[in-house]
Amino acid sequence: MTERKVYNFSAGPATLPVSVLNKAHAEFLDYQNSGMSVMEMSHRSKYYEGIIAGAEAAIRKALNVPNNYKVLFLQGGASLQFTMIPMNFLRNSGKKAGFITTGSWGQKAFKQAKLEGETAVLWDGASEKFTRTPKDSELADSSNLAYVHYTSNETIEGVQFKAEPNVKSDLICDSSSDFMCRPLDVSKYAMIYAGAQKNAGPAGTTIVILREDLLTRIPEKLHVMLDYKTHVENGSMYNTPPCYTIYMVKLVAEWLNGEIGGLDKMEKLNNDKAGLLYNVIDESSGFYKGHAAQENRSTMNVTWRLPSEDLEKKFIDEAKALNMIDLKGHRSVGGLRASIYNAMPREGVEKLALFMNEFRKKN
C-alpha cells in the first residue's frame with residue numbers, strides 16, 4: 001500500500017501512518033519468525049515481553065521521560081482515568097481536586113471527580129462556549145490541592161493549551177488528542193494520560209505516564225484493577241493487556257523517533273498543516289467562522305461553521321465524494337471538524353484547503 005483511498009479526518013479512531021500499516025501488514029502472520037501473529041501470541045512470551053518493553057522505550061525516547069516516572073498501558077480510555085484519578089489521589093486525601101475546564105472532556109472528568117471527593121473550579125470556559133483557554137492570571141488559587149486537572153486539547157471544540165497552566169499543586173493532564181504532537185517537559189507534570197486512538201495508535205490502549213512518588217498517596221483497599229500500584233507492580237500485565245494495540249503504539253512511536261525525526265520536527269509539520277486550514281478560514285471574508293479564539297486554536301482539531309446547516313451538509317457530502325471523510329462536527333456543537341493528527345499527510349490537508357476555497361467560491 002503506497003497511497004490512501006480516502007483522507008480520514010475522523011476525531012478518532014484516526015488515521016495511522018502508511019509506513020506503520022505496511023510494517024504491521026508484513027509482520028501480521030509471522031512476527032519475527034515466531035510462527036505467530038502478535039494477535040495470537042501469549043502476553044507472557046519472550047516475543048511479547050520485547051514488544052511491550054519496546055513500546056515503553058520508544059515513548060520514553062520520544063518524550064524524554066525522566067527515570068522517576070512509570071509508563072503504563074491500561075484500558076478503558078480516558079473515561080476510565082476520569083474515575084481512577086480521583087479514586088487514587090483524591091479519596092482520603094483531605095484536600096480538594098482543582099479543575100481547569102476548557103471543553104466537553106474536561107467537564108466529564110470534573111463530574112467523575114465530584115463523586116469521589118471535594119473539588120474546586122479554578123476556571124470554567126462554559127459561559128464563553130469553550131472558545132479559549134485561560135490566562136494564568138485568571139486561575140483561582142491552586143495551592144494545597146490534591147492535584148489540578150486539565151485537558152491539553154479539547155477534541156470537540158478545537159481548543160488547545162499552547163503551554164501548560166502555571167499552578168501550585170501537582171498537575172495532571174488529559175493529553176488524549178494531542179499526545180506526542182510536540183515536545184513536552186514531562187517533569188512539569190505529576191501525571192499525563194492519553195487514549196491511543198487519536199495520535200498514538202488504534203483504540204484499546206490508554207497510555208499513562210505517572211510520577212512514581214504518587215503511588216505512596218494511593219489509599220488501601222481499592223478495587224485491584226482500579227489501583228495504579230497493581231499495574232506498576234505487574235508491568236501493565238496484571239491481566240491480559242490489549243496486546244496488538246500496544247504493538248501498534250510501539251510502531252507509531254518508533255515512526256515518530258525514526259522516520260519523522262522526533263517531536264520537534266513533528267510539531268513543525270503539525271503547525272504547517274493546521275496553518276493551511278486556518279488561513280483559508282481567515283481569508284474567507286466570514287464564510288467560514290472558526291470556533292476557537294485565534295490564540296488557542298488546536299493544531300489537531302480544526303473546527304468551523306458555515307453560514308447555514310444546509311451548506312454544512314452540502315460541504316460534507318461533496319467532500320465525501322472527493323474521498324475526504326468524517327468532516328462533520330461533534331453533535332454537541334455542530335459545524336465542521338477536520339482532525340489532522342500526526343499521521344494525516346500534508347497532501348490530505350492541501351486537498352481539503354483547496355476544496356474549501358472552491359466550495360466558498362461556488363456558494
# chains A, B, ... in the order shown; residues from 1 in each chain; ligands from 1
$ residues_around --residues "region 320-322 of chain A" --least-positions-apart "4" --cutoff "10 Å" --atoms "only C-alpha atoms" --output "PyMOL selection string"
chain A and resi 6-8+314-316+326-327+351-352+355
$ write_last_selection --atoms "N, CA and C atoms" --output "JSON list (two decimals), in the first residue's frame"
[["chain", "number", "residue", "atom", "x", "y", "z"],
["A", 6, "VAL", "N", -8.79, 7.10, 0.87],
["A", 6, "VAL", "CA", -9.53, 8.24, 1.41],
["A", 6, "VAL", "C", -8.62, 8.99, 2.37],
["A", 7, "TYR", "N", -8.96, 10.25, 2.60],
["A", 7, "TYR", "CA", -8.33, 11.02, 3.67],
["A", 7, "TYR", "C", -9.33, 11.06, 4.82],
["A", 8, "ASN", "N", -8.93, 10.45, 5.93],
["A", 8, "ASN", "CA", -9.81, 10.24, 7.07],
["A", 8, "ASN", "C", -9.58, 11.35, 8.09],
["A", 314, "LYS", "N", -24.07, 20.10, 2.69],
["A", 314, "LYS", "CA", -23.61, 20.07, 1.30],
["A", 314, "LYS", "C", -22.09, 19.93, 1.26],
["A", 315, "PHE", "N", -21.41, 20.67, 2.11],
["A", 315, "PHE", "CA", -19.95, 20.60, 2.19],
["A", 315, "PHE", "C", -19.50, 19.18, 2.51],
["A", 316, "ILE", "N", -20.11, 18.58, 3.52],
["A", 316, "ILE", "CA", -19.73, 17.22, 3.93],
["A", 316, "ILE", "C", -19.97, 16.23, 2.80],
["A", 326, "ASP", "N", -15.51, 12.03, 7.18],
["A", 326, "ASP", "CA", -15.63, 12.31, 8.61],
["A", 326, "ASP", "C", -15.27, 13.76, 8.95],
["A", 327, "LEU", "N", -15.88, 14.68, 8.23],
["A", 327, "LEU", "CA", -15.67, 16.11, 8.47],
["A", 327, "LEU", "C", -16.81, 16.75, 9.26],
["A", 351, "LYS", "N", -5.45, 19.12, 0.01],
["A", 351, "LYS", "CA", -6.64, 18.81, -0.77],
["A", 351, "LYS", "C", -7.88, 19.42, -0.13],
["A", 352, "LEU", "N", -7.96, 19.33, 1.20],
["A", 352, "LEU", "CA", -9.10, 19.92, 1.91],
["A", 352, "LEU", "C", -9.10, 21.44, 1.78],
["A", 355, "PHE", "N", -10.32, 22.40, -1.63],
["A", 355, "PHE", "CA", -11.76, 22.20, -1.73],
["A", 355, "PHE", "C", -12.51, 23.30, -0.99]]
$ select_by_dssp --residues "region 8-214 of chain A" --states "strand (DSSP E or B)" --output "number ranges by chain"
A: 8, 69-74, 97-101, 119-124, 147-151, 153-154, 159-160, 171-174, 191-195, 206-211
$ write_last_selection --atoms "C-alpha atoms" --output "mmCIF file, in the first residue's frame"
data_model
loop_
_atom_site.group_PDB
_atom_site.id
_atom_site.type_symbol
_atom_site.label_atom_id
_atom_site.label_comp_id
_atom_site.auth_asym_id
_atom_site.auth_seq_id
_atom_site.Cartn_x
_atom_site.Cartn_y
_atom_site.Cartn_z
ATOM 1 C CA ASN A 8 -9.809 10.245 7.066
ATOM 2 C CA TYR A 69 8.173 8.234 36.016
ATOM 3 C CA LYS A 70 6.351 4.996 35.259
ATOM 4 C CA VAL A 71 4.833 4.293 31.843
ATOM 5 C CA LEU A 72 1.690 2.169 31.893
ATOM 6 C CA PHE A 73 -0.544 0.654 29.215
ATOM 7 C CA LEU A 74 -4.086 0.447 30.565
ATOM 8 C CA ALA A 97 -9.049 18.478 43.419
ATOM 9 C CA GLY A 98 -8.782 21.534 41.184
ATOM 10 C CA PHE A 99 -10.172 21.672 37.642
ATOM 11 C CA ILE A 100 -9.498 23.916 34.669
ATOM 12 C CA THR A 101 -12.343 23.205 32.273
ATOM 13 C CA THR A 119 -13.498 19.764 44.009
ATOM 14 C CA ALA A 120 -12.510 23.335 43.240
ATOM 15 C CA VAL A 121 -13.182 25.137 39.957
ATOM 16 C CA LEU A 122 -10.074 27.088 39.002
ATOM 17 C CA TRP A 123 -11.567 28.273 35.716
ATOM 18 C CA ASP A 124 -14.522 27.234 33.567
ATOM 19 C CA TYR A 147 -3.964 17.878 42.179
ATOM 20 C CA VAL A 148 -5.000 20.162 39.316
ATOM 21 C CA HIS A 149 -6.560 18.517 36.261
ATOM 22 C CA TYR A 150 -6.841 19.970 32.769
ATOM 23 C CA THR A 151 -7.296 18.809 29.166
ATOM 24 C CA ASN A 153 -6.545 19.777 23.702
ATOM 25 C CA GLU A 154 -10.323 19.684 23.573
ATOM 26 C CA VAL A 159 -9.273 24.496 21.778
ATOM 27 C CA GLN A 160 -5.664 23.794 22.774
ATOM 28 C CA LEU A 171 -0.588 18.913 37.557
ATOM 29 C CA ILE A 172 -2.466 16.077 35.841
ATOM 30 C CA CYS A 173 -3.181 16.292 32.121
ATOM 31 C CA ASP A 174 -5.574 14.519 29.792
ATOM 32 C CA MET A 191 0.690 12.521 35.512
ATOM 33 C CA ILE A 192 -0.102 12.563 31.800
ATOM 34 C CA TYR A 193 -2.578 10.186 30.196
ATOM 35 C CA ALA A 194 -3.909 9.635 26.699
ATOM 36 C CA GLY A 195 -6.203 7.325 24.808
ATOM 37 C CA THR A 206 -4.607 4.146 27.393
ATOM 38 C CA ILE A 207 -1.074 5.388 27.980
ATOM 39 C CA VAL A 208 -0.318 6.697 31.480
ATOM 40 C CA ILE A 209 2.909 8.453 32.473
ATOM 41 C CA LEU A 210 2.953 8.659 36.260
ATOM 42 C CA ARG A 211 5.480 10.181 38.683
#
$ residues_around --residues "region 57-65 of chain A" --least-positions-apart "6" --cutoff "9 Å" --atoms "only C-alpha atoms" --output "ChimeraX atom specification"
/A:71,180,182-187,209,249-254,256-257,262-263
$ select_by_dssp --residues "region 68-258 of chain A" --states "helix (DSSP H, G or I)" --output "NGL selection string"
:A and (77-89 or 104-114 or 126-128 or 136-138 or 186-188 or 212-217 or 224-226 or 228-233 or 243-258)
$ residues_around --residues "Gly335 (chain A)" --least-positions-apart "6" --cutoff "6 Å" --atoms "only C-alpha atoms" --output "list of chain:residue names"
A:Trp304, A:Arg305, A:Gly329
$ closest_residue --among "A:Asn234, A:Asn33, A:Asn92, A:Ser143" --to "Pro219 (chain A)" --atoms "only C-alpha atoms"
A:Asn92
$ residues_around --residues "region 337-350 of chain A" --least-positions-apart "4" --cutoff "7 Å" --atoms "only C-alpha atoms" --output "PyMOL selection string"
chain A and resi 7+9-11+15-17+181+198-199+270+273+300-304+327-329+354
$ residues_around --residues "Tyr278 (chain A)" --least-positions-apart "3" --cutoff "9 Å" --atoms "only C-alpha atoms" --output "compact mmCIF listing (two decimals) with C-alpha atoms, in the first residue's frame"
# COMPACT_ATOMS: atom_id res chain seq x y z
CA ALA A 274 -3.03 23.50 10.63
CA GLY A 275 -1.91 26.82 9.15
CA ILE A 281 -10.85 30.27 7.29
CA ASP A 282 -9.28 33.67 7.99
CA GLU A 283 -9.31 34.71 4.32
CA GLY A 290 -13.67 29.28 13.35
CA ARG A 297 -6.66 27.18 18.00
CA VAL A 302 -9.79 22.43 13.31
$ residues_around --residues "Leu80 (chain A)" --least-positions-apart "5" --cutoff "10 Å" --atoms "only C-alpha atoms" --output "VMD selection string"
chain A and resid 74 to 75 85 109 112 206 226
$ closest_residue --among "A:Thr299, A:Ser79, A:Ser308, A:Asn22" --to "Lys268 (chain A)" --atoms "only C-alpha atoms"
A:Thr299
$ atom_distance --atom1 "CA of Lys188 (chain A)" --atom2 "CA of Val232 (chain A)"
20.8 Å
$ closest_residue --among "A:Asn271, A:Glu56, A:Glu309, A:Ile260" --to "Gly334 (chain A)" --atoms "only C-alpha atoms"
A:Glu309
$ atom_distance --atom1 "CA of Gly77 (chain A)" --atom2 "CA of Ser104 (chain A)"
15.3 Å
